[in-house]
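Please read the structure below before turning to the comments.
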Amino acid sequence: MSPMKSKKDNIRPGHRRTTFSRGVAAAWPICLGYLPIGLAFGVLAQKAGLSPLQIGLMSMFVFAGSSQFIAVSMLAAGASLFAIVATTFVVNLRHFLMSSALAVFLKNADPKKLTFFAYGVTDESFAVNLSKFRDSQWDLDSALVTNYTANFTWIITTVLGGIGGQFIPAHAFGIDYALIAMFICLLVFQLRGFIYVLTAAIAGICAVLLSMVIPGNSYIVIASMAAAAIGVVIKKKVGLGEER
Amino acid sequence: MVSTEYLAVILGMGMVTFLPRWLPLVYLTKRSLPSWLVEWLDFIPAAILSAILLPALITDSATRSIELWRPEFIVAIPTFLFAILTKSLGGTVIVGMVLFGLAEKFLNI
């Protein structure tokens, strides 16, 4: 973002354009990654009997990929409203941790903006925004643009998948790997010292082991809460991790 | 046509998804947090990204078993090195995609 630095940020129209283009630029890896997943979801939902309108509404109201996949298969199997909503709650509980970590960077921000921002907190936008907030050139307005760009892409791609996704070659060019590669790089950004590497290693290993014994994805929340706690204890005991 | 039942399902899903996203943001941004909590939250991103990533790389999500030499994991090694060396998000995404595309083509998966 260095070319933008020289611009005077307090001039309104220029500032707006900068905010917008920065937000969109930060969102492109997310959008690329959503393309195959959104199309796949649309195809699956259409096969389960949902119309493009129903698909679009779900993507708009829920905006959480994995829980939408699960909900569609539960709908097709005739599950009850309560079962679907309860499952969605558990599957998406990890966002609670992500919003908490983001909150550290948003002290005393406008509650109205925070509410709109909260809607767009996903695994992907969390990871992108958090590393951006840390290098302090980032603001809530840009983060909002990033979230809604990703949200817009998700809605459009899922609806397109529902209309005729099976005719779109969605798995070309290794595009299925876009989000994994993005997470790899964003994880590297978080490894800011030995203690972070250690915490990440503990979290990863715990997650792998837990994923084999507990159904669903609660292993993500349990493993990362435990690993972060171990990180705090080690930092206290050994006095490591001075680099912040 | 969208039935009332379907609307109830997605509204319910939307509500239970929104609340965990929203509560920490409105609640935690308004007060000063104890230092242990800030320290703990400081470790959450590294932990959570690793907890999402590693199972996706080395386990089969259908059978829930460890399967080390999957193309996802093999491609992750050079992708990880590229990310460490360049610190470029866009570059890493492109390199990962190209390598995975090649792996799919030549590793016969």
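As shown in the structure tokens, the chain order sets the letters A, B, ...; within each chain, residues go from 1, and ligands are also counted from 1 in the order they appear.
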
### Message
Using only C-alpha atoms and a cut-off of 7 Å, which residues of chain A sit close to chain B? Please list them as a PyMOL selection string.
### Response
chain A and resi 29+54+58+61-62+81+85+88-89+92-93+95-96+99-101+103-104+106-108+111+114-115+118-119+121+173-175+177-178+181-185+187-188+190-191+196+199-200+203-204+207-208+211-212+220+223-224+227-229+231-232

### Query
Taking the backbone alone, and naming residues the way the document does, which bits of segment 41-225 of chain A are alpha helix (DSSP H) by DSSP, as JSON, numbers by chain?
{"A": [41, 42, 43, 44, 45, 46, 47, 52, 53, 54, 55, 56, 57, 58, 59, 60, 61, 65, 66, 67, 68, 69, 70, 71, 72, 73, 74, 75, 76, 81, 82, 83, 84, 85, 86, 87, 88, 89, 90, 91, 94, 95, 96, 97, 98, 99, 100, 101, 102, 103, 111, 112, 113, 114, 115, 116, 117, 118, 119, 123, 124, 125, 126, 127, 128, 129, 130, 131, 132, 133, 134, 140, 141, 142, 143, 144, 145, 146, 147, 148, 149, 150, 151, 152, 153, 154, 155, 156, 157, 158, 159, 160, 161, 162, 163, 164, 178, 179, 180, 181, 182, 183, 184, 185, 186, 187, 188, 189, 190, 194, 195, 196, 197, 198, 199, 200, 201, 202, 203, 204, 205, 206, 207, 208, 209, 210, 211, 212, 213, 218, 219, 220, 221, 222, 223, 224, 225]}

Just-selected residues, C-alpha atoms written as a compact mmCIF listing (two decimals), in the first residue's frame:
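Once written, out37.txt looks like this:
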```
# COMPACT_ATOMS: atom_id res chain seq x y z
CA PHE A 41 -22.22 -24.73 -3.51
CA GLY A 42 -24.69 -23.42 -6.09
CA VAL A 43 -24.57 -26.65 -8.06
CA LEU A 44 -25.10 -28.73 -4.92
CA ALA A 45 -27.95 -26.52 -3.68
CA GLN A 46 -29.66 -26.64 -7.06
CA LYS A 47 -29.41 -30.45 -7.04
CA PRO A 52 -31.36 -19.47 -7.54
CA LEU A 53 -33.41 -17.01 -5.46
CA GLN A 54 -33.38 -19.31 -2.45
CA ILE A 55 -29.64 -19.84 -2.87
CA GLY A 56 -28.99 -16.09 -3.10
CA LEU A 57 -31.08 -15.41 0.00
CA MET A 58 -29.20 -18.02 2.01
CA SER A 59 -25.84 -16.61 0.91
CA MET A 60 -27.04 -13.15 1.90
CA PHE A 61 -28.55 -14.01 5.29
CA GLY A 65 -19.63 -21.36 3.42
CA SER A 66 -19.20 -24.58 5.37
CA SER A 67 -22.44 -24.16 7.33
CA GLN A 68 -24.32 -23.50 4.07
CA PHE A 69 -23.02 -26.76 2.58
CA ILE A 70 -24.13 -28.61 5.70
CA ALA A 71 -27.53 -26.88 5.79
CA VAL A 72 -28.26 -27.82 2.17
CA SER A 73 -27.53 -31.49 2.78
CA MET A 74 -29.64 -31.37 5.95
CA LEU A 75 -32.51 -29.72 4.04
CA ALA A 76 -32.30 -32.42 1.40
CA LEU A 81 -35.47 -26.25 11.51
CA PHE A 82 -34.06 -26.59 15.01
CA ALA A 83 -31.47 -29.19 13.96
CA ILE A 84 -30.27 -27.03 11.05
CA VAL A 85 -30.07 -23.83 13.11
CA ALA A 86 -28.33 -25.57 16.04
CA THR A 87 -25.77 -27.17 13.71
CA THR A 88 -25.14 -23.81 12.03
CA PHE A 89 -24.53 -22.24 15.43
CA VAL A 90 -21.91 -24.81 16.39
CA VAL A 91 -20.20 -24.78 13.00
CA ARG A 94 -15.30 -20.07 15.64
CA HIS A 95 -16.19 -16.57 14.37
CA PHE A 96 -16.60 -15.58 18.03
CA LEU A 97 -12.86 -16.04 18.48
CA MET A 98 -12.08 -14.20 15.25
CA SER A 99 -14.23 -11.20 16.14
CA SER A 100 -12.61 -11.11 19.58
CA ALA A 101 -9.13 -11.01 18.05
CA LEU A 102 -10.22 -8.29 15.61
CA ALA A 103 -11.78 -6.26 18.47
CA PRO A 111 -20.79 0.70 16.79
CA LYS A 112 -22.90 1.07 13.65
CA LYS A 113 -19.90 0.38 11.42
CA LEU A 114 -18.87 -2.48 13.70
CA THR A 115 -22.30 -4.06 13.24
CA PHE A 116 -21.97 -3.94 9.45
CA PHE A 117 -18.40 -5.20 9.76
CA ALA A 118 -19.47 -8.10 12.01
CA TYR A 119 -21.78 -9.45 9.29
CA ASP A 123 -12.32 -17.19 8.10
CA GLU A 124 -10.97 -15.48 5.02
CA SER A 125 -11.82 -11.83 5.75
CA PHE A 126 -10.67 -12.29 9.35
CA ALA A 127 -7.25 -13.48 8.25
CA VAL A 128 -6.81 -10.76 5.64
CA ASN A 129 -8.08 -7.88 7.80
CA LEU A 130 -6.16 -8.93 10.88
CA SER A 131 -2.79 -8.93 9.15
CA LYS A 132 -3.72 -5.59 7.53
CA PHE A 133 -4.75 -4.02 10.86
CA ARG A 134 -1.45 -5.06 12.35
CA LEU A 140 -12.33 0.03 9.41
CA ASP A 141 -13.68 1.60 6.20
CA SER A 142 -11.23 -0.33 4.03
CA ALA A 143 -11.98 -3.47 6.02
CA LEU A 144 -15.70 -2.95 5.35
CA VAL A 145 -15.03 -2.69 1.61
CA THR A 146 -12.99 -5.91 1.76
CA ASN A 147 -15.78 -7.75 3.59
CA TYR A 148 -18.54 -6.60 1.25
CA THR A 149 -16.47 -7.31 -1.87
CA ALA A 150 -16.05 -10.87 -0.63
CA ASN A 151 -19.73 -11.03 0.35
CA PHE A 152 -20.83 -9.80 -3.09
CA THR A 153 -18.61 -12.38 -4.78
CA TRP A 154 -20.04 -15.14 -2.59
CA ILE A 155 -23.64 -14.23 -3.38
CA ILE A 156 -22.99 -13.91 -7.13
CA THR A 157 -20.96 -17.12 -7.48
CA THR A 158 -23.42 -19.23 -5.46
CA VAL A 159 -26.36 -17.95 -7.53
CA LEU A 160 -24.43 -18.54 -10.78
CA GLY A 161 -23.68 -22.08 -9.61
CA GLY A 162 -27.39 -22.58 -9.01
CA ILE A 163 -28.27 -21.32 -12.49
CA GLY A 164 -25.79 -23.33 -14.52
CA ALA A 178 -6.36 -20.39 -3.89
CA LEU A 179 -7.74 -20.21 -0.34
CA ILE A 180 -5.25 -22.74 1.05
CA ALA A 181 -2.35 -20.76 -0.46
CA MET A 182 -3.85 -17.56 0.95
CA PHE A 183 -4.10 -19.09 4.44
CA ILE A 184 -0.51 -20.35 4.17
CA CYS A 185 0.77 -16.83 3.50
CA LEU A 186 -1.44 -15.21 6.14
CA LEU A 187 -0.19 -17.77 8.67
CA VAL A 188 3.39 -16.84 7.74
CA PHE A 189 2.50 -13.18 8.48
CA GLN A 190 1.39 -14.25 11.97
CA PHE A 194 9.52 -18.31 18.00
CA ILE A 195 6.61 -18.35 20.44
CA TYR A 196 4.09 -17.76 17.64
CA VAL A 197 5.61 -20.62 15.63
CA LEU A 198 5.34 -22.83 18.70
CA THR A 199 1.72 -21.81 19.35
CA ALA A 200 0.79 -22.42 15.71
CA ALA A 201 2.49 -25.84 15.75
CA ILE A 202 0.64 -26.85 18.92
CA ALA A 203 -2.68 -25.61 17.47
CA GLY A 204 -2.14 -27.44 14.18
CA ILE A 205 -1.19 -30.75 15.79
CA CYS A 206 -4.05 -30.53 18.32
CA ALA A 207 -6.47 -29.72 15.50
CA VAL A 208 -5.36 -32.72 13.43
CA LEU A 209 -5.66 -35.09 16.39
CA LEU A 210 -9.00 -33.67 17.58
CA SER A 211 -10.45 -33.71 14.05
CA MET A 212 -10.07 -37.48 14.06
CA VAL A 213 -12.08 -37.96 17.26
CA SER A 218 -15.32 -27.68 16.76
CA TYR A 219 -11.73 -28.95 16.77
CA ILE A 220 -10.74 -25.55 15.30
CA VAL A 221 -12.07 -23.59 18.29
CA ILE A 222 -10.86 -26.06 20.94
CA ALA A 223 -7.37 -26.45 19.46
CA SER A 224 -6.77 -22.73 18.97
CA MET A 225 -8.09 -21.68 22.40
```

### Task
Provide the atom CA of Gly165 of chain A to atom CA of Ala40 of chain A distance in Å, to one decimal place.
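So the two atoms, atom CA of Gly165 of chain A and atom CA of Ala40 of chain A, lie 7.1 Å apart.
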
### atom CA of Phe63 of chain A to atom CA of Ala79 of chain A, distance in Å rounded to a single decimal
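Between atom CA of Phe63 of chain A and atom CA of Ala79 of chain A the gap works out to 20.4 Å.
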
### Query
Between atom CA of His171 of chain A and atom CA of Ile74 of chain B, what is the spacing in Å?
18.7 Å
